[in-house]
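Visitor: Coordinates in protein-v3.txt, compact mmCIF, C-alpha atoms, are listed below.
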# COMPACT_ATOMS: atom_id res chain seq x y z
CA MET A 14 -16.76 1.79 -19.09
CA LYS A 15 -13.55 3.76 -18.71
CA HIS A 16 -14.16 4.12 -14.95
CA LEU A 17 -14.88 0.41 -14.61
CA LEU A 18 -11.64 -0.46 -16.39
CA SER A 19 -9.73 1.94 -14.14
CA ALA A 20 -11.30 0.37 -11.06
CA VAL A 21 -10.45 -3.15 -12.23
CA LEU A 22 -6.84 -2.16 -12.96
CA ALA A 23 -6.52 -0.46 -9.57
CA ALA A 24 -7.91 -3.54 -7.81
CA ALA A 25 -5.53 -5.78 -9.76
CA SER A 26 -2.54 -3.67 -8.74
CA VAL A 27 -3.61 -3.85 -5.09
CA LEU A 28 -4.00 -7.61 -5.27
CA ALA A 29 -0.64 -7.98 -7.01
CA SER A 30 1.06 -6.19 -4.15
CA ALA A 31 -1.12 -7.76 -1.45
CA GLN A 32 0.46 -8.01 1.94
CA THR A 33 -0.72 -9.65 5.12
CA ALA A 34 -0.36 -8.44 8.66
CA THR A 35 2.25 -9.67 11.10
CA ASN A 36 0.74 -10.95 14.32
CA PHE A 37 1.70 -9.61 17.72
CA ASN A 38 0.61 -10.41 21.23
CA CYS A 39 1.51 -7.78 23.80
CA ALA A 40 0.13 -5.48 26.46
CA ASP A 41 -1.03 -1.95 25.73
CA CYS A 42 -0.18 1.02 27.95
CA HIS A 43 -3.02 0.07 30.32
CA GLY A 44 -1.73 -3.50 30.75
CA GLU A 45 -4.41 -5.14 28.60
CA THR A 46 -3.11 -7.88 26.30
CA HIS A 47 -3.94 -7.72 22.60
CA ASP A 48 -3.48 -10.48 20.02
CA LEU A 49 -3.75 -8.83 16.62
CA PHE A 50 -4.99 -11.88 14.70
CA THR A 51 -7.63 -12.65 17.34
CA GLU A 52 -8.96 -9.11 17.01
CA LEU A 53 -8.94 -9.22 13.20
CA ASP A 54 -10.66 -12.64 13.27
CA ALA A 55 -13.36 -11.10 15.48
CA GLY A 56 -14.19 -8.66 12.66
CA LYS A 57 -12.23 -5.67 13.93
CA VAL A 58 -10.46 -3.25 11.60
CA ILE A 59 -7.21 -2.07 13.18
CA VAL A 60 -5.53 1.19 12.16
CA LEU A 61 -1.90 1.06 13.29
CA THR A 62 -0.38 4.53 13.72
CA TRP A 63 3.29 4.77 14.65
CA VAL A 64 4.51 8.10 16.04
CA MET A 65 7.66 9.38 17.78
CA PRO A 66 5.64 11.29 19.31
CA CYS A 67 6.62 14.55 17.66
CA ALA A 68 5.18 17.75 16.23
CA ALA A 69 5.40 16.42 12.65
CA CYS A 70 3.25 13.44 13.69
CA THR A 71 0.45 15.57 15.14
CA GLY A 72 -1.44 16.49 11.94
CA PRO A 73 -1.48 13.01 10.35
CA ALA A 74 -2.25 11.30 13.69
CA LEU A 75 -5.14 13.69 14.32
CA ALA A 76 -6.47 13.24 10.76
CA THR A 77 -6.28 9.45 11.19
CA TYR A 78 -8.07 9.68 14.52
CA ASN A 79 -10.87 11.78 13.00
CA VAL A 80 -11.39 9.28 10.18
CA VAL A 81 -11.45 6.35 12.63
CA GLN A 82 -13.91 8.18 14.89
CA SER A 83 -16.19 8.85 11.91
CA PHE A 84 -16.94 5.10 11.83
CA GLN A 85 -18.06 4.87 15.47
CA ALA A 86 -21.73 5.67 14.76
CA SER A 87 -22.09 3.13 11.95
CA HIS A 88 -19.62 0.51 13.26
CA PRO A 89 -19.31 1.00 17.03
CA ASP A 90 -16.05 -0.37 18.44
CA GLN A 91 -15.30 -2.24 15.19
CA VAL A 92 -12.72 0.24 13.83
CA LEU A 93 -9.90 0.79 16.32
CA MET A 94 -6.86 3.04 16.25
CA TYR A 95 -3.69 1.73 17.83
CA LEU A 96 -1.23 4.53 18.63
CA ILE A 97 2.24 3.00 18.76
CA ASP A 98 5.54 4.52 19.79
CA ASP A 99 7.84 4.15 16.78
CA TYR A 100 10.50 1.94 18.38
CA GLY A 101 8.92 1.22 21.76
CA ASN A 102 11.42 3.45 23.55
CA THR A 103 9.06 6.21 24.75
CA ASN A 104 7.40 5.35 28.03
CA CYS A 105 3.63 4.99 28.13
CA ASN A 106 3.14 8.02 30.37
CA SER A 107 4.84 10.28 27.79
CA LEU A 108 2.92 8.70 24.90
CA ASN A 109 -0.41 9.06 26.71
CA THR A 110 0.35 12.67 27.64
CA TRP A 111 1.16 13.43 23.98
CA LYS A 112 -2.06 11.84 22.71
CA SER A 113 -4.08 13.71 25.34
CA ASN A 114 -2.45 17.01 24.43
CA ILE A 115 -3.27 16.66 20.71
CA GLY A 116 -6.83 15.48 21.34
CA ILE A 117 -6.92 11.80 20.40
CA PRO A 118 -8.23 10.17 23.58
CA ASN A 119 -10.07 7.15 22.15
CA THR A 120 -6.99 5.28 20.98
CA ILE A 121 -5.25 2.25 22.38
CA SER A 122 -1.62 3.12 22.97
CA PHE A 123 1.40 0.85 22.91
CA SER A 124 5.07 1.32 23.64
CA ASN A 125 6.42 -2.06 22.65
CA ALA A 126 9.02 -2.83 19.98
CA VAL A 127 7.27 -6.12 19.13
CA ILE A 128 4.84 -4.05 16.99
CA ASP A 129 7.38 -3.35 14.28
CA MET A 130 6.72 -0.92 11.45
CA ASP A 131 9.50 -2.62 9.47
CA ASP A 132 7.02 -5.47 8.98
CA TYR A 133 5.13 -3.05 6.70
CA HIS A 134 7.81 -1.95 4.24
CA GLY A 135 9.89 0.23 6.55
CA PRO A 136 9.54 3.22 8.80
CA GLY A 137 7.69 6.47 8.36
CA MET A 138 6.93 9.27 10.74
CA PRO A 139 4.15 8.81 11.20
CA LYS A 140 3.37 5.46 9.57
CA ILE A 141 -0.26 4.44 9.14
CA VAL A 142 -1.46 0.95 8.22
CA VAL A 143 -5.04 -0.39 7.97
CA LEU A 144 -5.55 -4.10 8.68
CA GLY A 145 -8.69 -6.21 8.45
CA GLY A 146 -10.47 -9.28 7.20
CA GLY A 147 -10.13 -12.94 7.99
CA GLY A 148 -7.05 -13.12 5.78
CA HIS A 149 -5.41 -10.39 7.91
CA GLU A 150 -4.94 -8.16 4.86
CA VAL A 151 -3.19 -4.80 4.66
CA PHE A 152 -5.57 -2.30 3.04
CA PHE A 153 -3.53 0.88 3.46
CA ASN A 154 0.11 1.63 4.13
CA THR A 155 1.52 5.15 4.08
CA ASN A 156 4.49 7.04 5.46
CA ASN A 157 4.84 10.63 6.67
CA THR A 158 1.36 11.87 5.74
CA VAL A 159 -2.19 10.65 5.31
CA ASP A 160 -4.88 11.20 2.68
CA PRO A 161 -8.13 11.07 4.71
CA THR A 162 -10.23 10.01 1.70
CA ALA A 163 -7.87 7.15 0.85
CA LEU A 164 -7.80 6.14 4.53
CA GLN A 165 -11.60 6.16 4.69
CA ASN A 166 -11.82 4.07 1.50
CA ALA A 167 -9.32 1.57 2.93
CA ILE A 168 -11.30 1.23 6.15
CA ASN A 169 -14.49 0.68 4.14
CA ALA A 170 -12.73 -2.05 2.12
CA ALA A 171 -11.49 -3.66 5.33
CA LEU A 172 -15.00 -3.58 6.80
CA LEU A 173 -16.32 -5.32 3.69
CA ALA A 174 -13.61 -7.98 3.97
CA ALA A 175 -14.42 -8.46 7.66
CA ALA A 176 -18.08 -9.02 6.76
CA VAL A 177 -17.30 -11.73 4.19
CA PRO A 178 -16.68 -15.08 5.87
CA GLU A 179 -13.57 -16.99 4.87
CA GLU A 180 -14.25 -19.98 2.66
CA THR A 181 -14.14 -23.26 4.53
CA PRO A 182 -13.12 -26.38 2.70
CA LEU A 183 -15.79 -29.01 2.22
CA VAL A 184 -15.27 -32.26 4.08
CA ALA A 185 -15.72 -35.30 1.87
CA GLY A 186 -18.98 -37.11 2.53
CA LEU A 187 -20.68 -34.16 4.27
CA SER A 188 -23.12 -31.83 2.59
Write out the structure in this file as structure tokens.
Guide:
Amino acid sequence: MKHLLSAVLAAASVLASAQTATNFNCADCHGETHDLFTELDAGKVIVLTWVMPCAACTGPALATYNVVQSFQASHPDQVLMYLIDDYGNTNCNSLNTWKSNIGIPNTISFSNAVIDMDDYHGPGMPKIVVLGGGGHEVFFNTNNTVDPTALQNAINAALLAAAVPEETPLVAGLS
């Protein structure tokens, strides 16, 4: 009973501070255009990871990558990691070289200031945010470090939200 009460209180605190994603529509470092809300509406879970890129970002970015990759067997191509230059002022070649050097190849990289970490309660280095569900919810938001268990739990929650269809209002006279 004590654990149930703790879980209910934790869920209530998350709902009380609920935040929704900010949409963006821009090209990644390979020139492919991404519309965040379209991808979330298609059932994707997006893990935004802002980096400088810098040495201090390596450990948390690699931990995030490993958690995201752990979902590929059970949810192929449904959980995606977006690697984003912090202020969009590092060219894509440098960002892609950095991600290759630290061993995170299966990420989609962006160097575009339109994807703004300030939309998620300010900067961090790195900053990691999990988005998902038809309501475009934020399930995880952390600065400077990452707790892999908390990240995994957030991705699981986002996958559940993506699996639950949004309620559609009933039209009068139709049943």
Visitor: Which residue is closest to Leu144 (chain A)? Choose from A:Ile59, A:Val64, A:Ala174, A:Leu108 and count only C-alpha atoms.
Guide: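 That would be A:Ile59, the residue with the smallest distance to Leu144 (chain A).
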Visitor: Name all residues at most 7 Å from region 95-102 of chain A (count only C-alpha atoms; drop same-chain ones fewer than 6 positions away) and give them as a PyMOL selection string.
Guide: chain A and resi 59-66+120-126
Visitor: So which residues touch region 31-42 of chain A within 9 Å, counting only C-alpha atoms, skipping near sequence neighbours fewer than 3 positions away, as a PDB file with C-alpha atoms, in the coordinates of the input?
Guide:
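The result, stored in part-v3.pdb:
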ATOM      1  CA  SER A  26      -2.540  -3.670  -8.740  1.00  0.00           C
ATOM      2  CA  VAL A  27      -3.610  -3.850  -5.090  1.00  0.00           C
ATOM      3  CA  LEU A  28      -4.000  -7.610  -5.270  1.00  0.00           C
ATOM      4  CA  GLU A  45      -4.410  -5.140  28.600  1.00  0.00           C
ATOM      5  CA  THR A  46      -3.110  -7.880  26.300  1.00  0.00           C
ATOM      6  CA  HIS A  47      -3.940  -7.720  22.600  1.00  0.00           C
ATOM      7  CA  ASP A  48      -3.480 -10.480  20.020  1.00  0.00           C
ATOM      8  CA  LEU A  49      -3.750  -8.830  16.620  1.00  0.00           C
ATOM      9  CA  PHE A  50      -4.990 -11.880  14.700  1.00  0.00           C
ATOM     10  CA  ASN A 104       7.400   5.350  28.030  1.00  0.00           C
ATOM     11  CA  CYS A 105       3.630   4.990  28.130  1.00  0.00           C
ATOM     12  CA  ASN A 106       3.140   8.020  30.370  1.00  0.00           C
ATOM     13  CA  LEU A 108       2.920   8.700  24.900  1.00  0.00           C
ATOM     14  CA  ASN A 109      -0.410   9.060  26.710  1.00  0.00           C
ATOM     15  CA  ILE A 121      -5.250   2.250  22.380  1.00  0.00           C
ATOM     16  CA  SER A 122      -1.620   3.120  22.970  1.00  0.00           C
ATOM     17  CA  PHE A 123       1.400   0.850  22.910  1.00  0.00           C
ATOM     18  CA  SER A 124       5.070   1.320  23.640  1.00  0.00           C
ATOM     19  CA  ASN A 125       6.420  -2.060  22.650  1.00  0.00           C
ATOM     20  CA  VAL A 127       7.270  -6.120  19.130  1.00  0.00           C
ATOM     21  CA  ILE A 128       4.840  -4.050  16.990  1.00  0.00           C
ATOM     22  CA  ASP A 129       7.380  -3.350  14.280  1.00  0.00           C
ATOM     23  CA  ASP A 132       7.020  -5.470   8.980  1.00  0.00           C
ATOM     24  CA  TYR A 133       5.130  -3.050   6.700  1.00  0.00           C
ATOM     25  CA  LEU A 144      -5.550  -4.100   8.680  1.00  0.00           C
ATOM     26  CA  GLY A 145      -8.690  -6.210   8.450  1.00  0.00           C
ATOM     27  CA  GLY A 148      -7.050 -13.120   5.780  1.00  0.00           C
ATOM     28  CA  HIS A 149      -5.410 -10.390   7.910  1.00  0.00           C
ATOM     29  CA  GLU A 150      -4.940  -8.160   4.860  1.00  0.00           C
ATOM     30  CA  VAL A 151      -3.190  -4.800   4.660  1.00  0.00           C
ATOM     31  CA  PHE A 152      -5.570  -2.300   3.040  1.00  0.00           C
TER      32      PHE A 152
END
Visitor: CA of Gly137 (chain A) and CA of Ala76 (chain A) are how many Å apart?
Guide: 15.9 Å
Visitor: Report, in Å to a single decimal, how far apart CA of Val80 (chain A) and CA of Gln165 (chain A) are.
Guide: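 Here the two named atoms are 6.3 Å from each other.
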Visitor: Where does region 76-149 of chain A meet region 154-164 of chain A within 12 Å, residue by residue, with the nearest atom pair and distance in Å to one decimal for each, counting all atoms listed in the file, listed by chain and rising number, as a tab-separated table?
Guide:
residue	atom	partner	partner_atom	distance
A:Ala76	CA	A:Pro161	CA	6.6
A:Thr77	CA	A:Pro161	CA	6.9
A:Tyr78	CA	A:Pro161	CA	9.9
A:Asn79	CA	A:Pro161	CA	8.8
A:Val80	CA	A:Pro161	CA	6.6
A:Val81	CA	A:Leu164	CA	8.9
A:Ser83	CA	A:Pro161	CA	11.0
A:Phe84	CA	A:Leu164	CA	11.7
A:Met130	CA	A:Asn154	CA	10.2
A:Asp131	CA	A:Asn156	CA	11.6
A:Asp132	CA	A:Asn154	CA	11.0
A:Tyr133	CA	A:Asn154	CA	7.3
A:His134	CA	A:Asn154	CA	8.5
A:Gly135	CA	A:Asn156	CA	8.8
A:Pro136	CA	A:Asn156	CA	7.2
A:Gly137	CA	A:Asn156	CA	4.4
A:Met138	CA	A:Asn157	CA	4.8
A:Pro139	CA	A:Asn157	CA	4.9
A:Lys140	CA	A:Asn156	CA	4.5
A:Ile141	CA	A:Thr155	CA	5.4
A:Val142	CA	A:Asn154	CA	4.4
A:Val143	CA	A:Asn154	CA	6.7
A:Leu144	CA	A:Asn154	CA	9.3
Visitor: Interatomic distance between CA of Cys67 (chain A) and CA of His43 (chain A)?
Guide: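 Straight-line distance from CA of Cys67 (chain A) to CA of His43 (chain A) works out to 21.5 Å.
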Visitor: Adding 8 Å on each side of the box along x, y and z that holds all listed atoms of region 117-126 of chain A, could you give its centre and edge lengths in Å to one decimal, as AutoDock Vina command-line options?
Guide:
--center_x -0.5 --center_y 4.5 --center_z 21.8 --size_x 35.1 --size_y 30.6 --size_z 19.7
Visitor: Pick from A:Asn114, A:Asn119, A:Gly44, A:Gly56: nearest to Gly147 (chain A), with only C-alpha atoms counted?
Guide: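 Counting only C-alpha atoms, the residue closest to Gly147 (chain A) is A:Gly56.
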Visitor: For each of A:Ala167, A:Leu75, A:Glu52, A:Val58, take the minimum atom-to-atom distance to Ser113 (chain A), counting all atoms listed in the file, then give the residue where this is smallest.
Guide: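 Closest to Ser113 (chain A), using all atoms listed in the file: A:Leu75.
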Visitor: Can you list, as a list in words, every protein, DNA or RNA residue that comes within 9 Å of Leu172 (chain A) when you count all atoms listed in the file, leaving out same-chain residues fewer than 3 positions away?
Guide: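 Surrounding residues, per the criterion: Gly56, Lys57, Val58, His88, Gln91, Val92, Gly145, Gly146, Ala167, Ile168, Asn169, Ala175, Ala176 and Val177 of chain A.
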Visitor: Kindly indicate which residue among A:Asp54, A:Leu173, A:Met94, A:Thr110 lies nearest to Ala74 (chain A), using only C-alpha atoms for the distances.
Guide: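 Of all the options, A:Met94 lies closest to Ala74 (chain A).
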Visitor: Nearest to Ile115 (chain A) among A:Asn166, A:Thr103, A:Ala69, A:Ala86, with distances taken over all atoms listed in the file: which residue is it?
Guide: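 When distances to Ile115 (chain A) are compared using all atoms listed in the file, the smallest one comes from A:Ala69.
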